[in-house]
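Asks: File follows, work_21.cif with mmCIF, C-alpha atoms and all ligand atoms:
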```cif
data_protein
#
loop_
_atom_site.group_PDB
_atom_site.id
_atom_site.type_symbol
_atom_site.label_atom_id
_atom_site.label_comp_id
_atom_site.auth_asym_id
_atom_site.auth_seq_id
_atom_site.Cartn_x
_atom_site.Cartn_y
_atom_site.Cartn_z
ATOM 1 C CA MET A 8 0.000 0.000 0.000
ATOM 2 C CA SER A 9 1.120 3.508 -0.717
ATOM 3 C CA ILE A 10 0.249 6.892 0.732
ATOM 4 C CA THR A 11 -3.402 7.809 0.231
ATOM 5 C CA ILE A 12 -4.338 11.377 -0.721
ATOM 6 C CA LYS A 13 -7.669 12.370 0.805
ATOM 7 C CA THR A 14 -10.297 14.318 -1.126
ATOM 8 C CA PRO A 15 -11.989 17.363 0.430
ATOM 9 C CA GLU A 16 -15.001 15.158 1.219
ATOM 10 C CA GLU A 17 -12.814 12.563 2.907
ATOM 11 C CA LEU A 18 -11.032 15.269 4.891
ATOM 12 C CA GLU A 19 -14.405 16.383 6.217
ATOM 13 C CA TYR A 20 -15.000 12.871 7.622
ATOM 14 C CA MET A 21 -11.533 12.910 9.173
ATOM 15 C CA ARG A 22 -12.204 16.303 10.746
ATOM 16 C CA VAL A 23 -15.267 14.844 12.451
ATOM 17 C CA ALA A 24 -13.487 11.712 13.692
ATOM 18 C CA GLY A 25 -10.555 13.846 14.830
ATOM 19 C CA ARG A 26 -12.635 16.338 16.762
ATOM 20 C CA LEU A 27 -14.496 13.486 18.468
ATOM 21 C CA ALA A 28 -11.180 11.950 19.598
ATOM 22 C CA GLY A 29 -10.144 15.320 21.045
ATOM 23 C CA GLU A 30 -13.490 15.622 22.789
ATOM 24 C CA VAL A 31 -12.960 12.284 24.535
ATOM 25 C CA LEU A 32 -9.850 13.812 26.120
ATOM 26 C CA ASP A 33 -11.845 16.922 27.121
ATOM 27 C CA TYR A 34 -14.461 14.642 28.675
ATOM 28 C CA ILE A 35 -12.041 12.451 30.642
ATOM 29 C CA ALA A 36 -9.789 15.229 31.981
ATOM 30 C CA PRO A 37 -11.739 15.835 35.239
ATOM 31 C CA PHE A 38 -11.600 12.114 36.046
ATOM 32 C CA VAL A 39 -7.789 11.932 35.959
ATOM 33 C CA VAL A 40 -7.373 12.398 39.719
ATOM 34 C CA PRO A 41 -5.544 10.644 42.578
ATOM 35 C CA GLY A 42 -7.269 7.343 43.402
ATOM 36 C CA ALA A 43 -8.691 6.739 39.920
ATOM 37 C CA THR A 44 -7.590 3.561 38.185
ATOM 38 C CA THR A 45 -6.604 3.483 34.532
ATOM 39 C CA ALA A 46 -9.220 0.723 34.022
ATOM 40 C CA GLU A 47 -11.909 3.150 35.249
ATOM 41 C CA LEU A 48 -10.679 5.796 32.784
ATOM 42 C CA ASP A 49 -10.797 3.176 30.011
ATOM 43 C CA ARG A 50 -14.376 2.237 30.874
ATOM 44 C CA LEU A 51 -15.540 5.871 31.032
ATOM 45 C CA CYS A 52 -13.939 6.669 27.660
ATOM 46 C CA HIS A 53 -15.311 3.495 26.112
ATOM 47 C CA ASP A 54 -18.853 4.296 27.216
ATOM 48 C CA TYR A 55 -18.552 7.921 26.078
ATOM 49 C CA MET A 56 -17.271 6.940 22.618
ATOM 50 C CA VAL A 57 -19.857 4.212 22.096
ATOM 51 C CA ASN A 58 -22.966 5.620 23.828
ATOM 52 C CA VAL A 59 -22.562 9.395 23.512
ATOM 53 C CA GLN A 60 -20.498 9.868 20.348
ATOM 54 C CA GLY A 61 -21.603 6.820 18.377
ATOM 55 C CA CYS A 62 -17.952 5.974 17.658
ATOM 56 C CA ILE A 63 -15.963 2.765 17.645
ATOM 57 C CA PRO A 64 -12.866 2.790 19.904
ATOM 58 C CA ALA A 65 -10.208 1.746 17.396
ATOM 59 C CA PRO A 66 -7.816 0.097 19.880
ATOM 60 C CA LEU A 67 -10.369 -2.479 21.100
ATOM 61 C CA ASN A 68 -9.397 -5.848 19.579
ATOM 62 C CA TYR A 69 -6.868 -4.140 17.304
ATOM 63 C CA ALA A 70 -4.374 -6.834 16.283
ATOM 64 C CA PRO A 71 -1.499 -5.790 14.053
ATOM 65 C CA PRO A 72 0.689 -8.654 12.778
ATOM 66 C CA GLY A 73 2.670 -10.182 15.646
ATOM 67 C CA TYR A 74 0.447 -8.753 18.393
ATOM 68 C CA GLN A 75 -2.309 -10.192 20.567
ATOM 69 C CA PRO A 76 -5.627 -8.329 20.094
ATOM 70 C CA TYR A 77 -5.555 -5.177 22.245
ATOM 71 C CA PRO A 78 -8.063 -5.851 25.049
ATOM 72 C CA LYS A 79 -8.993 -2.257 25.988
ATOM 73 C CA SER A 80 -10.452 0.856 24.346
ATOM 74 C CA ILE A 81 -7.755 3.424 25.154
ATOM 75 C CA CYS A 82 -4.051 3.432 26.019
ATOM 76 C CA THR A 83 -2.943 4.730 29.430
ATOM 77 C CA SER A 84 0.809 5.147 29.830
ATOM 78 C CA VAL A 85 1.928 6.170 33.332
ATOM 79 C CA ASN A 86 5.338 7.643 34.315
ATOM 80 C CA HIS A 87 8.027 5.384 32.780
ATOM 81 C CA GLN A 88 5.474 3.754 30.465
ATOM 82 C CA VAL A 89 6.162 5.100 26.975
ATOM 83 C CA CYS A 90 3.089 4.085 24.961
ATOM 84 C CA HIS A 91 0.401 1.407 24.519
ATOM 85 C CA GLY A 92 -0.025 1.210 28.299
ATOM 86 C CA LEU A 93 -2.745 -1.321 29.089
ATOM 87 C CA PRO A 94 -5.351 0.073 31.491
ATOM 88 C CA ASN A 95 -5.447 -1.901 34.748
ATOM 89 C CA ASP A 96 -6.465 -1.664 38.412
ATOM 90 C CA ARG A 97 -3.443 0.363 39.419
ATOM 91 C CA THR A 98 -4.396 3.568 41.242
ATOM 92 C CA LEU A 99 -3.104 6.910 40.000
ATOM 93 C CA LYS A 100 -1.124 8.901 42.579
ATOM 94 C CA LYS A 101 -0.638 12.651 42.959
ATOM 95 C CA GLY A 102 2.348 13.657 40.830
ATOM 96 C CA ASP A 103 2.042 10.808 38.315
ATOM 97 C CA ILE A 104 2.237 11.832 34.662
ATOM 98 C CA VAL A 105 -0.077 9.839 32.400
ATOM 99 C CA ASN A 106 -0.680 9.801 28.654
ATOM 100 C CA LEU A 107 -4.193 9.006 27.502
ATOM 101 C CA ASP A 108 -4.271 7.992 23.820
ATOM 102 C CA ILE A 109 -7.650 7.980 22.077
ATOM 103 C CA THR A 110 -8.436 6.690 18.601
ATOM 104 C CA THR A 111 -12.015 6.965 17.350
ATOM 105 C CA ILE A 112 -13.600 5.492 14.250
ATOM 106 C CA LYS A 113 -16.572 7.464 12.898
ATOM 107 C CA ASP A 114 -18.188 6.479 9.589
ATOM 108 C CA GLY A 115 -15.104 4.352 8.914
ATOM 109 C CA TRP A 116 -12.615 7.225 9.385
ATOM 110 C CA HIS A 117 -10.017 7.440 12.167
ATOM 111 C CA GLY A 118 -8.977 10.249 14.509
ATOM 112 C CA ASP A 119 -5.957 9.691 16.780
ATOM 113 C CA THR A 120 -4.788 12.037 19.540
ATOM 114 C CA SER A 121 -3.145 11.866 22.953
ATOM 115 C CA ARG A 122 -2.339 14.241 25.790
ATOM 116 C CA MET A 123 -0.395 14.181 29.017
ATOM 117 C CA PHE A 124 -2.111 14.727 32.369
ATOM 118 C CA SER A 125 -0.426 15.505 35.681
ATOM 119 C CA VAL A 126 -2.391 13.714 38.387
ATOM 120 C CA GLY A 127 -3.409 16.158 41.113
ATOM 121 C CA GLY A 128 -2.552 19.110 38.888
ATOM 122 C CA THR A 129 1.239 19.046 38.932
ATOM 123 C CA ALA A 130 4.152 16.605 38.826
ATOM 124 C CA SER A 131 7.818 16.760 39.848
ATOM 125 C CA ILE A 132 9.963 19.568 38.439
ATOM 126 C CA LEU A 133 11.455 17.066 35.974
ATOM 127 C CA GLY A 134 8.047 15.612 35.119
ATOM 128 C CA ASN A 135 6.569 19.056 34.457
ATOM 129 C CA ARG A 136 9.510 20.006 32.247
ATOM 130 C CA LEU A 137 9.403 16.725 30.311
ATOM 131 C CA VAL A 138 5.668 17.091 29.662
ATOM 132 C CA ALA A 139 6.111 20.699 28.482
ATOM 133 C CA ILE A 140 9.078 19.942 26.238
ATOM 134 C CA ALA A 141 7.320 16.937 24.672
ATOM 135 C CA HIS A 142 4.355 19.217 23.898
ATOM 136 C CA GLU A 143 6.709 21.753 22.320
ATOM 137 C CA CYS A 144 8.277 18.922 20.292
ATOM 138 C CA LEU A 145 4.856 17.983 18.905
ATOM 139 C CA TRP A 146 4.157 21.570 17.827
ATOM 140 C CA LEU A 147 7.633 22.162 16.407
ATOM 141 C CA GLY A 148 7.085 19.051 14.286
ATOM 142 C CA ILE A 149 3.635 20.241 13.210
ATOM 143 C CA ALA A 150 5.021 23.669 12.271
ATOM 144 C CA THR A 151 7.277 22.138 9.594
ATOM 145 C CA VAL A 152 4.318 20.614 7.712
ATOM 146 C CA LYS A 153 3.550 22.160 4.320
ATOM 147 C CA PRO A 154 3.587 21.025 0.683
ATOM 148 C CA GLY A 155 7.142 20.415 -0.481
ATOM 149 C CA ALA A 156 8.545 19.961 3.023
ATOM 150 C CA ARG A 157 10.055 16.529 3.733
ATOM 151 C CA LEU A 158 9.112 13.952 6.329
ATOM 152 C CA GLY A 159 12.639 14.285 7.721
ATOM 153 C CA ASP A 160 12.001 17.948 8.481
ATOM 154 C CA ILE A 161 9.391 16.900 11.044
ATOM 155 C CA GLY A 162 11.661 14.434 12.813
ATOM 156 C CA ALA A 163 14.635 16.768 12.741
ATOM 157 C CA ALA A 164 12.699 19.582 14.437
ATOM 158 C CA ILE A 165 11.519 17.224 17.171
ATOM 159 C CA GLN A 166 14.900 15.588 17.755
ATOM 160 C CA ARG A 167 16.746 18.897 17.883
ATOM 161 C CA HIS A 168 14.480 20.303 20.588
ATOM 162 C CA ALA A 169 14.300 17.126 22.703
ATOM 163 C CA GLU A 170 18.027 16.451 22.636
ATOM 164 C CA GLY A 171 18.813 20.151 23.122
ATOM 165 C CA GLN A 172 17.002 19.864 26.448
ATOM 166 C CA GLY A 173 18.951 16.746 27.476
ATOM 167 C CA PHE A 174 16.080 14.386 26.675
ATOM 168 C CA SER A 175 15.943 11.514 24.145
ATOM 169 C CA VAL A 176 13.591 10.458 21.352
ATOM 170 C CA VAL A 177 12.132 6.936 21.236
ATOM 171 C CA ARG A 178 13.082 5.256 17.932
ATOM 172 C CA GLU A 179 10.941 2.097 17.889
ATOM 173 C CA PHE A 180 7.561 3.803 17.483
ATOM 174 C CA CYS A 181 6.561 6.555 15.114
ATOM 175 C CA GLY A 182 3.700 8.600 13.751
ATOM 176 C CA HIS A 183 1.743 7.119 10.870
ATOM 177 C CA GLY A 184 -0.543 7.798 7.979
ATOM 178 C CA ILE A 185 -4.193 7.509 9.014
ATOM 179 C CA GLY A 186 -7.575 7.464 7.303
ATOM 180 C CA LEU A 187 -9.812 4.485 6.629
ATOM 181 C CA LYS A 188 -7.020 2.488 8.298
ATOM 182 C CA PHE A 189 -5.629 3.109 11.803
ATOM 183 C CA HIS A 190 -2.028 2.803 10.633
ATOM 184 C CA GLU A 191 -1.201 3.639 7.008
ATOM 185 C CA GLU A 192 1.911 4.728 5.206
ATOM 186 C CA PRO A 193 4.005 6.760 5.682
ATOM 187 C CA GLN A 194 5.924 6.171 8.901
ATOM 188 C CA VAL A 195 6.558 9.534 10.531
ATOM 189 C CA LEU A 196 9.832 9.271 12.444
ATOM 190 C CA HIS A 197 10.403 11.637 15.346
ATOM 191 C CA TYR A 198 14.106 11.986 14.556
ATOM 192 C CA GLY A 199 16.000 12.522 11.318
ATOM 193 C CA LYS A 200 17.674 14.973 9.020
ATOM 194 C CA PRO A 201 16.119 18.012 7.321
ATOM 195 C CA GLY A 202 15.536 17.317 3.630
ATOM 196 C CA ASP A 203 15.392 13.528 4.048
ATOM 197 C CA GLY A 204 12.357 11.424 3.206
ATOM 198 C CA ILE A 205 9.371 11.886 0.968
ATOM 199 C CA ARG A 206 7.908 15.236 -0.031
ATOM 200 C CA LEU A 207 4.645 16.219 1.677
ATOM 201 C CA GLU A 208 1.615 16.825 -0.567
ATOM 202 C CA PRO A 209 -1.794 18.362 0.078
ATOM 203 C CA GLY A 210 -4.328 15.740 1.168
ATOM 204 C CA MET A 211 -1.861 13.569 3.063
ATOM 205 C CA THR A 212 -3.027 12.805 6.600
ATOM 206 C CA PHE A 213 -0.764 11.460 9.314
ATOM 207 C CA THR A 214 -0.107 11.623 13.015
ATOM 208 C CA ILE A 215 2.825 13.218 14.789
ATOM 209 C CA GLU A 216 3.253 11.647 18.233
ATOM 210 C CA PRO A 217 6.737 12.076 19.703
ATOM 211 C CA MET A 218 7.677 9.934 22.701
ATOM 212 C CA ILE A 219 10.337 11.795 24.694
ATOM 213 C CA ASN A 220 12.313 10.166 27.527
ATOM 214 C CA ALA A 221 13.975 11.928 30.439
ATOM 215 C CA GLY A 222 16.758 9.333 30.310
ATOM 216 C CA LYS A 223 17.992 7.074 27.537
ATOM 217 C CA ALA A 224 15.979 6.320 24.391
ATOM 218 C CA ALA A 225 15.888 2.521 24.785
ATOM 219 C CA VAL A 226 12.533 0.859 25.499
ATOM 220 C CA SER A 227 11.252 -2.619 26.328
ATOM 221 C CA GLU A 228 7.898 -4.407 26.268
ATOM 222 C CA LEU A 229 6.165 -5.681 29.406
ATOM 223 C CA PRO A 230 5.008 -9.316 29.603
ATOM 224 C CA ASP A 231 1.416 -8.137 28.938
ATOM 225 C CA GLY A 232 2.521 -7.985 25.274
ATOM 226 C CA TRP A 233 1.574 -4.320 24.824
ATOM 227 C CA THR A 234 2.845 -1.865 27.421
ATOM 228 C CA ILE A 235 6.133 -0.231 26.389
ATOM 229 C CA VAL A 236 8.420 1.143 29.120
ATOM 230 C CA THR A 237 11.769 2.916 29.204
ATOM 231 C CA LYS A 238 14.586 0.426 29.769
ATOM 232 C CA ASP A 239 16.203 2.691 32.355
ATOM 233 C CA ARG A 240 12.828 3.343 34.044
ATOM 234 C CA SER A 241 13.141 7.073 33.380
ATOM 235 C CA LEU A 242 9.995 9.155 32.852
ATOM 236 C CA SER A 243 8.500 9.367 29.355
ATOM 237 C CA ALA A 244 6.001 11.796 27.840
ATOM 238 C CA GLN A 245 4.026 11.806 24.569
ATOM 239 C CA TRP A 246 1.552 14.077 22.790
ATOM 240 C CA GLU A 247 -0.237 13.297 19.534
ATOM 241 C CA HIS A 248 -2.316 15.049 16.905
ATOM 242 C CA THR A 249 -3.678 13.944 13.535
ATOM 243 C CA ILE A 250 -2.565 16.392 10.844
ATOM 244 C CA ALA A 251 -3.631 17.065 7.257
ATOM 245 C CA VAL A 252 -1.309 18.710 4.745
ATOM 246 C CA THR A 253 -3.160 21.659 3.177
ATOM 247 C CA ALA A 254 -2.361 23.791 0.111
ATOM 248 C CA THR A 255 -0.376 26.221 2.257
ATOM 249 C CA GLY A 256 0.599 24.345 5.420
ATOM 250 C CA TYR A 257 -1.193 22.117 7.875
ATOM 251 C CA GLU A 258 -4.535 21.572 9.568
ATOM 252 C CA VAL A 259 -4.746 19.912 12.977
ATOM 253 C CA MET A 260 -7.698 17.527 12.729
ATOM 254 C CA THR A 261 -7.864 16.548 16.421
ATOM 255 C CA LEU A 262 -8.403 19.946 18.037
ATOM 256 C CA SER A 263 -11.287 20.342 20.479
ATOM 257 C CA ALA A 264 -12.410 23.020 22.918
ATOM 258 C CA GLY A 265 -10.160 21.735 25.696
ATOM 259 C CA ALA A 266 -7.054 20.965 23.654
ATOM 260 C CA PRO A 267 -3.928 22.700 24.972
ATOM 261 C CA LYS A 268 -2.945 25.499 22.598
ATOM 262 C CA ASN A 269 0.095 25.652 20.360
ATOM 263 C CA PRO A 270 2.721 26.955 22.819
ATOM 264 C CA PHE A 271 4.369 28.970 20.025
ATOM 265 C CA ALA A 272 1.204 30.654 18.755
ATOM 266 C CA PRO A 273 1.289 34.449 19.134
HETATM 267 N N1 LIG A 301 -3.069 5.139 19.344
HETATM 268 C C1 LIG A 301 -1.781 4.527 19.165
HETATM 269 C C2 LIG A 301 -1.089 5.332 18.106
HETATM 270 O O1 LIG A 301 -0.986 6.502 18.301
HETATM 271 C C3 LIG A 301 -1.866 3.097 18.766
HETATM 272 C C4 LIG A 301 -2.437 2.237 19.804
HETATM 273 S S1 LIG A 301 -2.543 0.655 19.208
HETATM 274 C C5 LIG A 301 -3.251 -0.153 20.504
HETATM 275 O O2 LIG A 301 -0.713 4.901 17.063
HETATM 276 F F1 LIG A 301 -3.634 -1.289 20.045
HETATM 277 F F2 LIG A 301 -2.366 -0.213 21.481
HETATM 278 F F3 LIG A 301 -4.272 0.540 20.924
HETATM 279 CO CO CO A 302 -1.090 7.308 16.390
HETATM 280 CO CO CO A 303 -2.609 7.387 19.320
#
```
How does the structure come out when it is put into structure tokens?
Replies:
Amino acid sequence: MSITIKTPEELEYMRVAGRLAGEVLDYIAPFVVPGATTAELDRLCHDYMVNVQGCIPAPLNYAPPGYQPYPKSICTSVNHQVCHGLPNDRTLKKGDIVNLDITTIKDGWHGDTSRMFSVGGTASILGNRLVAIAHECLWLGIATVKPGARLGDIGAAIQRHAEGQGFSVVREFCGHGIGLKFHEEPQVLHYGKPGDGIRLEPGMTFTIEPMINAGKAAVSELPDGWTIVTKDRSLSAQWEHTIAVTATGYEVMTLSAGAPKNPFAP
């Protein structure tokens, strides 16, 4: 399969799916408090997507080659968990940092977005800085998107900022094309060299979702077959948006009323 170019009509479907994914994060935010379990957050999001939004939670039973079907409806990655964290009965504690990753399917089209939450309102000084820098990395990557730019420009902008702050970029997982399929071509690496990779064209849709570690970049998989953690057990943070390439730049498809703003916007 190659990269699919979406028509204006198809982009309208993706806008809807994307906004709905963002709105799940708006909905769940007040529930991310000390004492909540990630399984409770999963259940609340599942019910909201299915019963309120009329969406399908894309992760549920998702089974890429080589993986067991994913048994939950969202991903919850806490502290040193990098991504694909399986919701469970573990209780969130004040000062934990947690990524909630939501992927909706509406009328067959996917929207994929994730945010970081600091349980109890704030984390450690390092945790707060990591979360903020990872958010800046996402938006620096987004800012490079326009027709004629290269995929490598995105990764280079992210890597430069993360490593400039003494953090590292996870290599094993990347952003991805998205549309009628959850994961399409191209792979969107969060590191690289400016000018490398394919040229961006209007109508391409993909995610940017940098995973930034406070320590070393290496990761490993837990025995549950899904949850990815940092090998050195250092903190990790991730933010994700679904992006469309427009005639002049980019459109963020997963914005919603409660989405944190572009930190570089005037
Ligand atoms: N939402 C994740 C992403 O950003 C993928 C999760 S796959 C799952 O690509 F099966 F773990 F849900
Ligand atoms: Co994604
Ligand atoms: Co995601």
Asks: Please determine, counting all atoms listed in the file, which residue among A:Leu32, A:Val57, A:Leu93, A:Val152 has the shortest atom-to-atom distance to ligand LIG 301 (chain A).
Replies: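 That would be A:Leu93, the residue with the smallest distance to ligand LIG 301 (chain A).
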Asks: Within 12 Å of ligand CO 302 (chain A), counting all atoms listed in the file, which protein or nucleic acid residues do you find, written as an MDAnalysis selection string?
Replies: chainID A and resid 25 28 65:66 81:82 90:91 107:111 117:122 180:186 188:196 212:218 245:250 261
Asks: Using only C-alpha atoms and all ligand atoms, which of the listed residues (A:Val89, A:Leu18, A:Val236, A:Met56) sits closest to ligand CO 303 (chain A)?
Replies: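 Of A:Val89, A:Leu18, A:Val236, A:Met56, the one nearest ligand CO 303 (chain A), counting only C-alpha atoms and all ligand atoms, is A:Val89.
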Asks: Can you tell me which residues surround stretch 137-145 of chain A at a distance of at most 6 Å, considering only C-alpha atoms, apart from same-chain residues fewer than 4 positions away, and format the answer as a list in words?
Replies: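 Using only C-alpha atoms, the neighbours found are Ile165, Ile219, Ala244 and Trp246 of chain A.
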Asks: Could you pull the residues within 10 Å of A:Ala150, counting all atoms listed in the file, minus those fewer than 5 positions along the same chain, as a list of chain:residue names?
Replies: A:Cys144, A:Leu145, A:Asp160, A:Ile161, A:Ala164, A:Gly256, A:Tyr257, A:Asn269, A:Phe271
Asks: I need the residue nearest ligand CO 303 (chain A) from this list: A:Gly155, A:Thr83, A:Gly173, A:Gly210. Use only C-alpha atoms and all ligand atoms for the distance.
Replies: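 Once distances to ligand CO 303 (chain A) are computed over only C-alpha atoms and all ligand atoms, the minimum belongs to A:Thr83.
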Asks: Excluding stretch 199-204 of chain A and any residue of its chain fewer than 5 positions from it, enumerate the residues within 8 Å of it, using all atoms listed in the file, and give them as an NGL selection string.
Replies: :A and (156-163 or 166)
Asks: Suppose you want the space between atom CA of A:Gly102 and atom CA of A:Ala43; what is it in Å?
Replies: 13.1 Å
Asks: Take atom CA of A:Tyr77 and atom CA of A:Arg22 and report the distance between them in Å, one decimal.
Replies: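 These atoms are spaced 25.3 Å apart.
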Asks: Counting all atoms listed in the file, which residue out of A:Lys79, A:Cys52, A:Asn106, A:Asn58 sits closest to ligand CO 303 (chain A)?
Replies: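 Closest candidate: A:Asn106.
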Asks: Could you check how far atom CA of A:Trp116 sits from atom CA of A:Ala266, in Å to one decimal?
Replies: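 Interatomic distance, atom CA of A:Trp116 to atom CA of A:Ala266: 20.6 Å.
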Asks: Can you report as lines of an AutoDock Vina configuration file the centre and edge lengths in Å, to one decimal, of an axis-aligned box around the listed atoms of ligand LIG 301 (chain A) padded with 6 Å on each side?
Replies:
```
center_x = -2.5
center_y = 2.6
center_z = 19.3
size_x = 15.6
size_y = 19.8
size_z = 16.4
```
Asks: Could you state which residues are captured by the PyMOL selection byres (((chain A and resi 14) around 12) and not hetatm) in this file, as a VMD selection string?
Replies: chain A and resid 11 to 13 15 to 21 186 209 to 212 251 to 253
Asks: Report as a list of chain:residue names the residues that result from applying the PyMOL selection byres (((chain A and resi 60) around 12) and not hetatm) to the structure here.
Replies: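 Listing what the PyMOL selection byres (((chain A and resi 60) around 12) and not hetatm) selects in the shown file: A:Val23, A:Ala24, A:Arg26, A:Leu27, A:Ala28, A:Gly29, A:Glu30, A:Val31, A:Tyr34, A:Cys52, A:His53, A:Asp54, A:Tyr55, A:Met56, A:Val57, A:Asn58, A:Val59, A:Gly61, A:Cys62, A:Ile63, A:Pro64, A:Thr111, A:Ile112, A:Lys113, A:Asp114.
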